[in-house]
$ cat data26.cif   # mmCIF, C-alpha atoms
data_start
loop_
_atom_site.label_atom_id
_atom_site.label_comp_id
_atom_site.auth_asym_id
_atom_site.auth_seq_id
_atom_site.Cartn_x
_atom_site.Cartn_y
_atom_site.Cartn_z
CA MET A 1 -25.51 -44.26 37.44
CA LYS A 2 -24.50 -41.06 39.14
CA LEU A 3 -20.96 -41.40 37.74
CA LYS A 4 -22.30 -42.01 34.20
CA ALA A 5 -24.60 -38.99 34.46
CA THR A 6 -21.76 -36.86 35.77
CA LEU A 7 -19.46 -37.98 32.95
CA ALA A 8 -22.20 -37.39 30.35
CA LEU A 9 -22.83 -33.91 31.74
CA ALA A 10 -19.10 -33.17 31.69
CA ALA A 11 -18.88 -34.32 28.08
CA VAL A 12 -21.80 -32.07 27.07
CA MET A 13 -20.23 -29.14 28.91
CA ALA A 14 -16.89 -29.82 27.24
CA ILE A 15 -18.48 -29.88 23.78
CA THR A 16 -20.46 -26.70 24.55
CA GLY A 17 -17.33 -25.05 25.90
CA ALA A 18 -15.35 -25.99 22.77
CA ALA A 19 -18.07 -24.56 20.56
CA GLN A 20 -18.13 -21.37 22.58
CA ALA A 21 -14.33 -21.16 22.53
CA ALA A 22 -14.17 -20.90 18.74
CA THR A 23 -12.50 -17.62 17.81
CA GLU A 24 -14.52 -15.50 15.39
CA LEU A 25 -12.49 -13.33 13.02
CA VAL A 26 -14.36 -10.40 11.46
CA ILE A 27 -12.71 -9.43 8.18
CA ALA A 28 -13.48 -6.24 6.24
CA THR A 29 -12.83 -6.54 2.53
CA VAL A 30 -13.55 -5.02 -0.86
CA ASN A 31 -16.14 -6.45 -3.31
CA ASN A 32 -13.59 -7.36 -6.00
CA GLY A 33 -13.63 -10.74 -7.72
CA HIS A 34 -10.52 -12.16 -6.05
CA MET A 35 -11.80 -11.21 -2.59
CA ILE A 36 -15.18 -12.83 -3.25
CA GLU A 37 -13.34 -15.99 -4.34
CA MET A 38 -11.32 -15.93 -1.09
CA GLN A 39 -14.61 -16.00 0.86
CA LYS A 40 -15.71 -19.13 -1.03
CA LEU A 41 -12.39 -20.86 -0.29
CA THR A 42 -12.34 -19.91 3.41
CA LYS A 43 -13.95 -23.28 4.22
CA HIS A 44 -10.52 -24.84 3.56
CA PHE A 45 -8.98 -22.60 6.24
CA GLU A 46 -11.79 -23.33 8.71
CA GLN A 47 -11.45 -27.08 8.14
CA ALA A 48 -7.72 -26.86 8.89
CA ASN A 49 -8.40 -24.57 11.88
CA PRO A 50 -11.68 -25.79 13.46
CA ASP A 51 -11.21 -23.45 16.42
CA ILE A 52 -11.48 -20.38 14.13
CA LYS A 53 -14.61 -19.10 12.36
CA VAL A 54 -14.51 -16.33 9.77
CA LYS A 55 -17.16 -13.64 9.32
CA TRP A 56 -16.96 -11.37 6.26
CA VAL A 57 -17.98 -7.73 5.89
CA THR A 58 -17.83 -7.02 2.14
CA LEU A 59 -18.01 -3.40 1.01
CA GLU A 60 -17.62 -1.22 -2.07
CA GLU A 61 -14.12 0.26 -2.31
CA GLY A 62 -14.97 3.82 -1.19
CA VAL A 63 -17.18 2.61 1.68
CA LEU A 64 -14.53 0.11 2.81
CA ARG A 65 -11.92 2.87 3.04
CA GLN A 66 -14.22 5.07 5.12
CA ARG A 67 -15.22 2.25 7.48
CA VAL A 68 -11.75 0.90 8.18
CA THR A 69 -10.22 4.38 8.51
CA THR A 70 -12.85 5.43 11.05
CA ASP A 71 -12.58 2.14 12.93
CA ILE A 72 -8.81 2.15 13.26
CA ALA A 73 -8.53 5.87 14.06
CA THR A 74 -11.15 5.61 16.83
CA LYS A 75 -9.90 2.18 18.02
CA GLY A 76 -13.43 0.93 17.37
CA GLY A 77 -12.38 -2.73 17.28
CA GLN A 78 -15.03 -3.76 14.72
CA PHE A 79 -12.57 -5.72 12.60
CA ASP A 80 -9.86 -8.29 13.36
CA ILE A 81 -8.42 -8.12 9.83
CA MET A 82 -8.70 -5.22 7.41
CA THR A 83 -8.20 -5.09 3.67
CA ILE A 84 -6.06 -1.99 3.11
CA GLY A 85 -3.56 -0.82 0.52
CA MET A 86 -0.16 0.71 -0.05
CA TYR A 87 -1.43 4.17 0.87
CA GLU A 88 -2.66 3.34 4.37
CA THR A 89 -0.12 0.68 5.38
CA PRO A 90 3.06 2.77 5.87
CA ILE A 91 1.13 5.71 7.40
CA TRP A 92 -0.81 3.54 9.86
CA GLY A 93 2.24 1.38 10.61
CA LYS A 94 4.26 4.45 11.63
CA LYS A 95 1.36 5.65 13.80
CA GLY A 96 1.38 2.32 15.66
CA TRP A 97 -2.12 1.44 14.46
CA LEU A 98 -1.16 -1.94 12.93
CA GLN A 99 0.37 -5.14 14.27
CA GLU A 100 3.74 -5.99 12.77
CA LEU A 101 3.42 -9.20 10.74
CA LYS A 102 5.90 -11.92 11.64
CA PRO A 103 5.13 -14.91 9.41
CA ASP A 104 7.03 -18.16 9.95
CA ALA A 105 9.78 -19.49 7.67
CA ALA A 106 7.33 -21.64 5.68
CA TYR A 107 5.57 -18.45 4.50
CA ASP A 108 8.77 -17.44 2.64
CA VAL A 109 8.58 -13.66 2.92
CA ASP A 110 11.53 -13.38 0.50
CA ASP A 111 9.30 -14.77 -2.25
CA LEU A 112 7.22 -11.57 -2.16
CA LEU A 113 7.94 -9.24 -5.09
CA PRO A 114 10.27 -6.47 -3.82
CA SER A 115 7.98 -3.63 -4.96
CA MET A 116 5.07 -5.19 -3.04
CA ARG A 117 7.03 -5.92 0.11
CA ASN A 118 8.61 -2.45 0.17
CA GLY A 119 5.25 -0.73 -0.34
CA LEU A 120 3.79 -2.50 2.71
CA THR A 121 6.77 -1.86 4.97
CA ALA A 122 7.51 1.03 7.33
CA ASP A 123 10.77 1.42 9.28
CA GLY A 124 11.84 -2.03 8.12
CA LYS A 125 8.73 -3.76 9.49
CA LEU A 126 6.07 -5.55 7.41
CA TYR A 127 2.62 -4.28 8.43
CA ALA A 128 0.42 -5.90 5.76
CA ALA A 129 0.64 -8.95 3.51
CA PRO A 130 -0.25 -8.56 -0.19
CA PHE A 131 -3.30 -10.56 -1.27
CA TYR A 132 -2.94 -9.36 -4.83
CA GLY A 133 -0.73 -6.74 -6.40
CA GLU A 134 -1.15 -4.63 -9.48
CA SER A 135 0.12 -1.93 -11.72
CA SER A 136 -1.89 -0.48 -14.61
CA MET A 137 -1.74 -1.22 -18.33
CA LEU A 138 -3.60 -0.83 -21.61
CA MET A 139 -6.06 -3.61 -22.39
CA TYR A 140 -7.43 -3.45 -25.91
CA ARG A 141 -9.51 -5.33 -28.47
CA LYS A 142 -6.95 -6.65 -30.93
CA ASP A 143 -9.68 -7.63 -33.40
CA LEU A 144 -10.86 -3.99 -33.57
CA ALA A 145 -7.32 -2.63 -33.83
CA ASP A 146 -6.55 -5.11 -36.64
CA LYS A 147 -9.76 -4.14 -38.45
CA ALA A 148 -8.70 -0.48 -38.19
CA GLY A 149 -5.23 -1.41 -39.53
CA VAL A 150 -3.49 -0.21 -36.34
CA GLN A 151 -0.52 -1.98 -34.75
CA VAL A 152 -0.43 -1.06 -31.04
CA PRO A 153 3.17 -0.69 -29.80
CA ASP A 154 4.30 -2.20 -26.52
CA ARG A 155 4.46 1.28 -24.90
CA PRO A 156 2.00 3.50 -26.82
CA THR A 157 1.57 7.24 -26.44
CA TRP A 158 -1.73 8.78 -25.40
CA ALA A 159 -1.89 10.43 -28.84
CA GLN A 160 -1.80 6.95 -30.43
CA VAL A 161 -4.47 5.73 -28.03
CA LYS A 162 -6.73 8.66 -28.88
CA ASP A 163 -6.22 8.00 -32.60
CA LEU A 164 -7.19 4.34 -32.20
CA ALA A 165 -10.18 5.24 -29.98
CA ALA A 166 -11.49 7.47 -32.80
CA LYS A 167 -11.12 4.67 -35.34
CA ILE A 168 -12.84 1.92 -33.34
CA HIS A 169 -15.56 4.03 -31.67
CA ASN A 170 -18.86 2.67 -32.95
CA PRO A 171 -21.72 3.45 -30.54
CA LYS A 172 -24.34 2.29 -33.06
CA GLU A 173 -22.87 -1.20 -32.71
CA GLY A 174 -22.55 -0.76 -28.92
CA VAL A 175 -18.75 -0.37 -28.90
CA TYR A 176 -17.08 2.68 -27.34
CA GLY A 177 -13.53 3.64 -28.27
CA ILE A 178 -12.22 3.77 -24.72
CA CYS A 179 -13.46 3.27 -21.15
CA LEU A 180 -11.77 5.05 -18.22
CA ARG A 181 -12.63 5.66 -14.58
CA GLY A 182 -14.82 8.66 -13.77
CA LYS A 183 -16.43 7.83 -10.41
CA PRO A 184 -15.11 10.24 -7.75
CA GLY A 185 -12.68 8.93 -5.14
CA TRP A 186 -8.97 9.12 -4.39
CA GLY A 187 -8.72 5.41 -5.24
CA ASP A 188 -11.26 5.58 -8.05
CA ASN A 189 -10.94 8.31 -10.71
CA MET A 190 -7.92 9.93 -9.02
CA ALA A 191 -5.85 6.72 -9.14
CA PHE A 192 -6.06 6.80 -12.93
CA LEU A 193 -5.93 10.59 -13.29
CA THR A 194 -2.81 10.91 -11.14
CA THR A 195 -0.94 8.64 -13.57
CA LEU A 196 -2.17 10.78 -16.47
CA VAL A 197 -0.94 13.91 -14.67
CA ASN A 198 2.40 12.21 -13.87
CA THR A 199 3.06 11.26 -17.48
CA SER A 200 2.03 14.78 -18.56
CA GLY A 201 4.91 16.10 -16.42
CA GLY A 202 2.86 17.06 -13.36
CA GLN A 203 2.76 16.32 -9.63
CA TRP A 204 0.45 16.76 -6.64
CA PHE A 205 2.82 18.94 -4.60
CA ASP A 206 6.10 20.75 -5.27
CA MET A 207 9.07 20.50 -2.90
CA SER A 208 7.49 23.18 -0.67
CA TRP A 209 4.31 21.04 -0.38
CA LYS A 210 2.33 23.57 -2.46
CA PRO A 211 -0.51 21.92 -4.44
CA GLN A 212 -0.03 22.12 -8.22
CA LEU A 213 -3.56 21.61 -9.56
CA GLU A 214 -3.62 24.79 -11.63
CA SER A 215 -0.30 24.03 -13.32
CA LYS A 216 -0.05 23.39 -17.09
CA PRO A 217 0.47 19.60 -16.79
CA TRP A 218 -2.74 19.26 -14.75
CA LYS A 219 -4.71 21.41 -17.21
CA ASP A 220 -3.30 19.47 -20.18
CA ALA A 221 -4.03 16.08 -18.61
CA ILE A 222 -7.58 16.77 -17.43
CA SER A 223 -8.56 18.59 -20.64
CA PHE A 224 -7.28 15.63 -22.68
CA TYR A 225 -9.17 13.16 -20.45
CA VAL A 226 -12.50 15.02 -20.56
CA ASP A 227 -12.24 15.48 -24.34
CA LEU A 228 -11.28 11.82 -24.90
CA LEU A 229 -14.21 10.39 -22.93
CA LYS A 230 -16.69 12.97 -24.22
CA ASN A 231 -15.92 11.94 -27.80
CA TYR A 232 -15.09 8.24 -27.53
CA GLY A 233 -16.26 7.01 -24.10
CA PRO A 234 -19.51 5.38 -22.98
CA PRO A 235 -22.35 7.57 -21.69
CA GLY A 236 -22.35 8.04 -17.92
CA SER A 237 -18.56 7.71 -17.59
CA SER A 238 -18.58 9.98 -14.53
CA ALA A 239 -20.21 7.12 -12.57
CA ASN A 240 -17.81 4.37 -13.71
CA SER A 241 -14.98 2.83 -11.71
CA PHE A 242 -13.27 -0.57 -11.91
CA ASN A 243 -16.28 -2.87 -11.44
CA GLU A 244 -18.59 -0.88 -13.75
CA ILE A 245 -16.00 -0.82 -16.55
CA LEU A 246 -15.16 -4.49 -16.05
CA ALA A 247 -18.82 -5.33 -16.71
CA LEU A 248 -18.82 -3.12 -19.84
CA TYR A 249 -15.57 -4.63 -21.12
CA ASN A 250 -16.71 -8.21 -20.55
CA ALA A 251 -19.92 -7.40 -22.46
CA GLY A 252 -17.81 -6.29 -25.45
CA LYS A 253 -18.64 -2.59 -25.11
CA CYS A 254 -15.11 -1.17 -24.61
CA GLY A 255 -12.51 -0.99 -27.35
CA MET A 256 -9.76 -0.05 -24.89
CA TRP A 257 -9.33 0.27 -21.15
CA VAL A 258 -6.41 1.59 -19.07
CA ASP A 259 -6.75 0.22 -15.56
CA ALA A 260 -5.44 -2.27 -13.02
CA THR A 261 -3.43 -5.21 -14.38
CA ILE A 262 -5.54 -7.47 -12.17
CA ALA A 263 -8.44 -6.97 -14.63
CA ALA A 264 -6.58 -9.11 -17.15
CA SER A 265 -7.49 -12.37 -15.43
CA PHE A 266 -11.21 -11.49 -15.60
CA ILE A 267 -11.39 -10.16 -19.17
CA THR A 268 -9.51 -13.21 -20.53
CA ASP A 269 -11.81 -15.66 -18.73
CA PRO A 270 -14.34 -17.05 -21.25
CA LYS A 271 -16.75 -17.79 -18.38
CA GLN A 272 -16.95 -14.05 -17.65
CA SER A 273 -15.99 -12.29 -20.88
CA LYS A 274 -17.60 -12.31 -24.32
CA VAL A 275 -14.32 -11.04 -25.78
CA ALA A 276 -11.88 -13.26 -23.85
CA ASP A 277 -10.08 -14.42 -27.00
CA LYS A 278 -9.88 -10.93 -28.56
CA VAL A 279 -7.95 -9.07 -25.84
CA ALA A 280 -4.33 -7.92 -26.08
CA PHE A 281 -2.11 -5.97 -23.69
CA ALA A 282 0.38 -3.12 -23.77
CA GLN A 283 2.08 -0.91 -21.18
CA ALA A 284 0.26 2.16 -19.85
CA PRO A 285 0.37 5.02 -22.38
CA THR A 286 2.76 7.94 -21.98
CA MET A 287 2.53 11.65 -22.72
CA VAL A 288 5.61 13.78 -21.87
CA THR A 289 7.48 11.27 -19.69
CA PRO A 290 7.21 7.56 -18.84
CA LYS A 291 7.59 8.42 -15.13
CA GLY A 292 4.52 7.57 -13.11
CA ALA A 293 2.54 6.50 -16.18
CA ASN A 294 1.43 3.28 -14.50
CA TRP A 295 0.47 2.91 -10.89
CA LEU A 296 1.56 0.52 -8.15
CA TRP A 297 -0.89 -0.96 -5.68
CA ALA A 298 -1.61 -3.95 -3.49
CA TRP A 299 -4.77 -4.94 -1.74
CA ALA A 300 -3.34 -6.37 1.44
CA LEU A 301 -4.46 -7.89 4.73
CA ALA A 302 -3.51 -6.16 7.99
CA ILE A 303 -4.25 -6.66 11.68
CA PRO A 304 -5.24 -3.62 13.80
CA ALA A 305 -2.91 -2.95 16.72
CA GLY A 306 -5.71 -3.27 19.27
CA SER A 307 -6.83 -6.72 18.11
CA THR A 308 -7.42 -9.29 20.86
CA LYS A 309 -7.23 -12.16 18.34
CA VAL A 310 -3.74 -11.61 16.92
CA GLU A 311 -2.68 -15.26 16.80
CA ALA A 312 -5.79 -16.39 14.90
CA ALA A 313 -5.67 -13.33 12.64
CA GLN A 314 -2.00 -13.97 11.83
CA LYS A 315 -2.88 -17.55 10.85
CA PHE A 316 -5.55 -16.36 8.43
CA VAL A 317 -3.38 -13.62 6.89
CA SER A 318 -0.55 -16.12 6.35
CA TRP A 319 -2.93 -18.64 4.77
CA ALA A 320 -4.69 -16.18 2.44
CA THR A 321 -1.46 -14.63 1.11
CA SER A 322 0.59 -17.82 0.88
CA ARG A 323 1.99 -19.65 -2.13
CA GLU A 324 -0.25 -22.58 -1.10
CA TYR A 325 -3.39 -20.41 -1.35
CA ILE A 326 -2.40 -19.37 -4.88
CA GLN A 327 -2.01 -23.06 -5.76
CA LEU A 328 -5.43 -23.81 -4.23
CA VAL A 329 -7.07 -21.17 -6.46
CA GLY A 330 -5.16 -22.47 -9.49
CA LYS A 331 -6.31 -26.04 -8.91
CA THR A 332 -9.89 -25.02 -8.02
CA ASN A 333 -10.62 -22.34 -10.63
CA GLY A 334 -7.81 -22.58 -13.17
CA TRP A 335 -4.43 -20.86 -13.26
CA GLY A 336 -5.71 -17.88 -15.21
CA SER A 337 -7.87 -16.96 -12.19
CA ILE A 338 -5.25 -16.76 -9.43
CA PRO A 339 -4.54 -13.56 -7.47
CA THR A 340 -1.40 -12.25 -9.13
CA GLY A 341 1.26 -9.61 -8.60
CA THR A 342 2.51 -10.71 -5.18
CA ARG A 343 5.07 -13.51 -5.43
CA LYS A 344 8.14 -14.24 -7.57
CA SER A 345 7.17 -17.92 -7.69
CA THR A 346 3.91 -17.05 -9.51
CA TYR A 347 5.88 -15.82 -12.52
CA THR A 348 8.04 -18.96 -12.70
CA ASN A 349 5.04 -21.28 -12.47
CA ALA A 350 4.68 -23.05 -15.83
CA GLU A 351 0.95 -23.67 -15.37
CA PHE A 352 0.29 -19.98 -14.71
CA LEU A 353 2.44 -18.79 -17.61
CA LYS A 354 0.62 -21.17 -19.93
CA ALA A 355 -2.83 -20.02 -18.74
CA ALA A 356 -2.16 -16.28 -18.47
CA ARG A 357 -1.10 -14.61 -21.69
CA PHE A 358 -1.06 -11.30 -19.81
CA ALA A 359 1.64 -12.46 -17.35
CA THR A 360 4.63 -10.86 -19.11
CA ALA A 361 2.91 -7.47 -19.58
CA GLU A 362 1.64 -7.52 -16.00
CA LYS A 363 5.03 -8.22 -14.43
CA ALA A 364 6.75 -5.65 -16.69
CA ALA A 365 4.26 -3.02 -15.49
CA ILE A 366 4.72 -3.91 -11.80
CA ASP A 367 8.52 -3.96 -12.12
CA SER A 368 8.60 -0.59 -13.90
CA ALA A 369 6.54 1.33 -11.33
CA ASN A 370 8.63 3.22 -8.78
CA SER A 371 6.92 4.77 -5.74
CA ASN A 372 10.04 6.77 -4.92
CA ASP A 373 10.47 8.38 -8.35
CA SER A 374 7.11 8.83 -10.04
CA THR A 375 7.17 12.47 -11.21
CA LEU A 376 9.29 14.43 -13.68
CA PRO A 377 9.84 17.38 -11.31
CA LYS A 378 11.18 16.32 -7.89
CA SER A 379 8.38 15.64 -5.38
CA PRO A 380 8.49 15.47 -1.57
CA TYR A 381 6.14 12.47 -1.33
CA VAL A 382 6.23 8.73 -1.94
CA GLY A 383 3.57 7.08 -4.10
CA VAL A 384 2.68 6.81 -7.79
CA GLN A 385 -1.10 7.32 -7.94
CA PHE A 386 -1.29 8.90 -4.48
CA ALA A 387 0.83 10.92 -2.09
CA ALA A 388 1.51 8.92 1.07
CA ILE A 389 0.54 11.61 3.59
CA PRO A 390 -2.50 11.49 5.92
CA GLU A 391 -4.05 14.59 4.30
CA PHE A 392 -4.14 13.03 0.85
CA GLN A 393 -7.30 11.00 1.45
CA ALA A 394 -9.42 14.13 2.03
CA ILE A 395 -7.68 15.99 -0.81
CA GLY A 396 -8.09 13.10 -3.24
CA ILE A 397 -11.80 12.76 -2.45
CA ALA A 398 -12.42 16.52 -2.89
CA VAL A 399 -10.45 16.73 -6.12
CA GLY A 400 -12.04 13.51 -7.42
CA GLN A 401 -15.50 15.05 -7.01
CA GLN A 402 -14.43 18.10 -9.02
CA MET A 403 -12.91 15.98 -11.82
CA SER A 404 -16.06 13.85 -12.02
CA ALA A 405 -18.15 17.03 -12.25
CA ALA A 406 -15.93 18.31 -15.08
CA LEU A 407 -16.31 14.98 -16.91
CA ALA A 408 -20.10 15.17 -16.51
CA GLY A 409 -20.04 18.69 -18.00
CA LYS A 410 -21.32 20.32 -14.79
CA VAL A 411 -18.26 22.59 -14.47
CA THR A 412 -15.38 23.60 -16.72
CA VAL A 413 -11.97 21.96 -16.37
CA ASP A 414 -10.47 25.26 -15.19
CA ALA A 415 -13.19 25.75 -12.56
CA ALA A 416 -12.79 22.16 -11.34
CA LEU A 417 -9.01 22.54 -11.00
CA LYS A 418 -9.38 25.87 -9.21
CA ALA A 419 -11.82 24.36 -6.70
CA GLY A 420 -9.49 21.38 -6.27
CA GLN A 421 -6.53 23.69 -5.67
CA ILE A 422 -8.45 25.61 -2.98
CA ALA A 423 -9.48 22.35 -1.24
CA ALA A 424 -5.91 21.01 -1.37
CA GLU A 425 -4.42 24.25 -0.02
CA ARG A 426 -6.91 24.27 2.85
CA GLU A 427 -5.98 20.71 3.90
CA MET A 428 -2.24 21.33 3.61
CA LYS A 429 -2.41 24.51 5.69
CA LYS A 430 -4.54 22.70 8.27
CA GLY A 431 -1.92 19.94 8.32
CA GLY A 432 0.79 22.50 9.10
CA TYR A 433 2.80 22.04 5.89
CA TYR A 434 2.94 25.80 5.37
CA LYS A 435 1.11 28.95 6.52
#

$ encode --input "data26.cif" --output "structure tokens"
Amino acid sequence: MKLKATLALAAVMAITGAAQAATELVIATVNNGHMIEMQKLTKHFEQANPDIKVKWVTLEEGVLRQRVTTDIATKGGQFDIMTIGMYETPIWGKKGWLQELKPDAAYDVDDLLPSMRNGLTADGKLYAAPFYGESSMLMYRKDLADKAGVQVPDRPTWAQVKDLAAKIHNPKEGVYGICLRGKPGWGDNMAFLTTLVNTSGGQWFDMSWKPQLESKPWKDAISFYVDLLKNYGPPGSSANSFNEILALYNAGKCGMWVDATIAASFITDPKQSKVADKVAFAQAPTMVTPKGANWLWAWALAIPAGSTKVEAAQKFVSWATSREYIQLVGKTNGWGSIPTGTRKSTYTNAEFLKAARFATAEKAAIDSANSNDSTLPKSPYVGVQFAAIPEFQAIGIAVGQQMSAALAGKVTVDAALKAGQIAAEREMKKGGYYK
């Protein structure tokens, strides 16, 4: 009896110990559709890895950036995996704040699109794995363009876009000519506005690192933007970013939208969009030059350098960014709903190409974006819709607030650019770029 009791007690202790030994991964992520879907599918990972449990912290984009930046800079250790982008990855990798990713041969790192892999690499080392990648493009209501008798070219100009916005703008019927980001943030309104400045012939900094916000291209671009949305945009545009405009577009309220290519899978999904069958695609519009007209970005998964759960974290990152995960989403939710823009194999998959009529335009946009050559005048920084320097986050936030204020009519464009210039100069001097 004693032996049986001892064995029973040992078994209970073993089970309790196994339960306690489960590794909990805390993952910080953004509240975008593909990330929310990943949370639903995590049960497949946990079933395959019963010794690992996943806990999600889901945040709005701006809040996510603040939280993960603070946590990694202070070595807070709140998160085992962070959702970060092409801006943070090379900077943090060089600082030694991220674990180098070393996926196994089955992961097939060579299947990653070169632009995505390069953007998440520093000194030849991969520091984050792309969950989905994107550029930007024009998404428009073909039914409204046809009704207006307008044929949208594959690479339209902003003048053509403005002309079409005027023709299809019909607020009485609840349709606005164009929807564009206005919510302040370096990754919100400034992601879009930087591309508009680029194609207008502008840049953030000249070769001496002097901010250029009061230059003619900036004034031209921001004046055009404010005028365009004031006349043909929805009310309250200064509060709109990706998710707000996605909701408007899916409700049939936007005639056109220039934003992330990743939106295409949502606005063509009849379960989400009232206008799914009426959408067409073109490349991002140009002004003076095609350089930097469309951005390049990846939401990626990275492991902080101080993590004590590297092996488990590496397993999850490999699973969530694998070809197999993409196939799981395709089989579960349909091939038009997969996270795109990361792997070559996605764009040779017959099921995806059949389901996603945006695939060709999306890949053309991603392939055409060049982080190393995104401005007409020579620039000292890397990045299309951002400058990959630590100071840019503070500068982008400050300038974004000014641009949003100008859009809301609280300040003039000139006053907003002057205030932005002062804020940028202050940060650059503080950073030691010049005296």

$ closest_atom_pairs --input "data26.cif" --of "region 188-286 of chain A" --to "region 390-406 of chain A" --cutoff "7 Å" --atoms "all atoms listed in the file" --output "tab-separated table"
residue	atom	partner	partner_atom	distance
A:Asn189	CA	A:Gly400	CA	6.3
A:Met190	CA	A:Gly400	CA	5.7
A:Ser238	CA	A:Ser404	CA	5.3

$ write_last_selection --input "data26.cif" --atoms "C-alpha atoms" --output "short mmCIF file (atom, residue, chain, number, x, y, z; two decimals), in the frame of the given file"
data_model
loop_
_atom_site.label_atom_id
_atom_site.label_comp_id
_atom_site.auth_asym_id
_atom_site.auth_seq_id
_atom_site.Cartn_x
_atom_site.Cartn_y
_atom_site.Cartn_z
CA ASN A 189 -10.94 8.31 -10.71
CA MET A 190 -7.92 9.93 -9.02
CA SER A 238 -18.58 9.98 -14.53
#

$ closest_residue --input "data26.cif" --among "A:Val226, A:Val57, A:Trp204, A:Gln283" --to "Val411 (chain A)" --atoms "all atoms listed in the file"
A:Val226

$ atom_distance --input "data26.cif" --atom1 "CA of Met137 (chain A)" --atom2 "CA of Val258 (chain A)"
5.5 Å

$ resolve_selection --input "data26.cif" --expression "the PyMOL selection byres ((chain A and resi 260-262) around 6)" --output "list of chain:residue names"
A:Glu134, A:Ser135, A:Ser136, A:Met137, A:Asp259, A:Ala263, A:Ala264, A:Glu362

$ resolve_selection --input "data26.cif" --expression "the PyMOL selection byres ((chain A and resi 138-147) around 7)" --output "list of chain:residue names"
A:Met137, A:Ala148, A:Gly149, A:Val150, A:Gln151, A:Ile168, A:Gly255, A:Met256, A:Trp257, A:Val258, A:Asp259, A:Lys278, A:Val279, A:Ala280, A:Phe281, A:Ala282, A:Gln283, A:Ala284

$ write_last_selection --input "data26.cif" --atoms "C-alpha atoms" --output "PDB file, in the frame of the given file"
ATOM      1  CA  MET A 137      -1.740  -1.220 -18.330  1.00  0.00           C
ATOM      2  CA  ALA A 148      -8.700  -0.480 -38.190  1.00  0.00           C
ATOM      3  CA  GLY A 149      -5.230  -1.410 -39.530  1.00  0.00           C
ATOM      4  CA  VAL A 150      -3.490  -0.210 -36.340  1.00  0.00           C
ATOM      5  CA  GLN A 151      -0.520  -1.980 -34.750  1.00  0.00           C
ATOM      6  CA  ILE A 168     -12.840   1.920 -33.340  1.00  0.00           C
ATOM      7  CA  GLY A 255     -12.510  -0.990 -27.350  1.00  0.00           C
ATOM      8  CA  MET A 256      -9.760  -0.050 -24.890  1.00  0.00           C
ATOM      9  CA  TRP A 257      -9.330   0.270 -21.150  1.00  0.00           C
ATOM     10  CA  VAL A 258      -6.410   1.590 -19.070  1.00  0.00           C
ATOM     11  CA  ASP A 259      -6.750   0.220 -15.560  1.00  0.00           C
ATOM     12  CA  LYS A 278      -9.880 -10.930 -28.560  1.00  0.00           C
ATOM     13  CA  VAL A 279      -7.950  -9.070 -25.840  1.00  0.00           C
ATOM     14  CA  ALA A 280      -4.330  -7.920 -26.080  1.00  0.00           C
ATOM     15  CA  PHE A 281      -2.110  -5.970 -23.690  1.00  0.00           C
ATOM     16  CA  ALA A 282       0.380  -3.120 -23.770  1.00  0.00           C
ATOM     17  CA  GLN A 283       2.080  -0.910 -21.180  1.00  0.00           C
ATOM     18  CA  ALA A 284       0.260   2.160 -19.850  1.00  0.00           C
TER      19      ALA A 284
END

$ residues_around --input "data26.cif" --residues "region 301-307 of chain A" --least-positions-apart "6" --cutoff "6 Å" --atoms "all atoms listed in the file" --output "ChimeraX atom specification"
/A:80-83,97-99,128-129

$ write_last_selection --input "data26.cif" --atoms "C-alpha atoms" --output "PDB file, in the coordinates of the input"
ATOM      1  CA  ASP A  80      -9.860  -8.290  13.360  1.00  0.00           C
ATOM      2  CA  ILE A  81      -8.420  -8.120   9.830  1.00  0.00           C
ATOM      3  CA  MET A  82      -8.700  -5.220   7.410  1.00  0.00           C
ATOM      4  CA  THR A  83      -8.200  -5.090   3.670  1.00  0.00           C
ATOM      5  CA  TRP A  97      -2.120   1.440  14.460  1.00  0.00           C
ATOM      6  CA  LEU A  98      -1.160  -1.940  12.930  1.00  0.00           C
ATOM      7  CA  GLN A  99       0.370  -5.140  14.270  1.00  0.00           C
ATOM      8  CA  ALA A 128       0.420  -5.900   5.760  1.00  0.00           C
ATOM      9  CA  ALA A 129       0.640  -8.950   3.510  1.00  0.00           C
TER      10      ALA A 129
END

$ closest_residue --input "data26.cif" --among "A:Leu193, A:Ala298, A:Val384, A:Ala369" --to "Leu112 (chain A)" --atoms "only C-alpha atoms"
A:Ala298

$ atom_distance --input "data26.cif" --atom1 "CA of Ser115 (chain A)" --atom2 "CA of Ser345 (chain A)"
14.6 Å
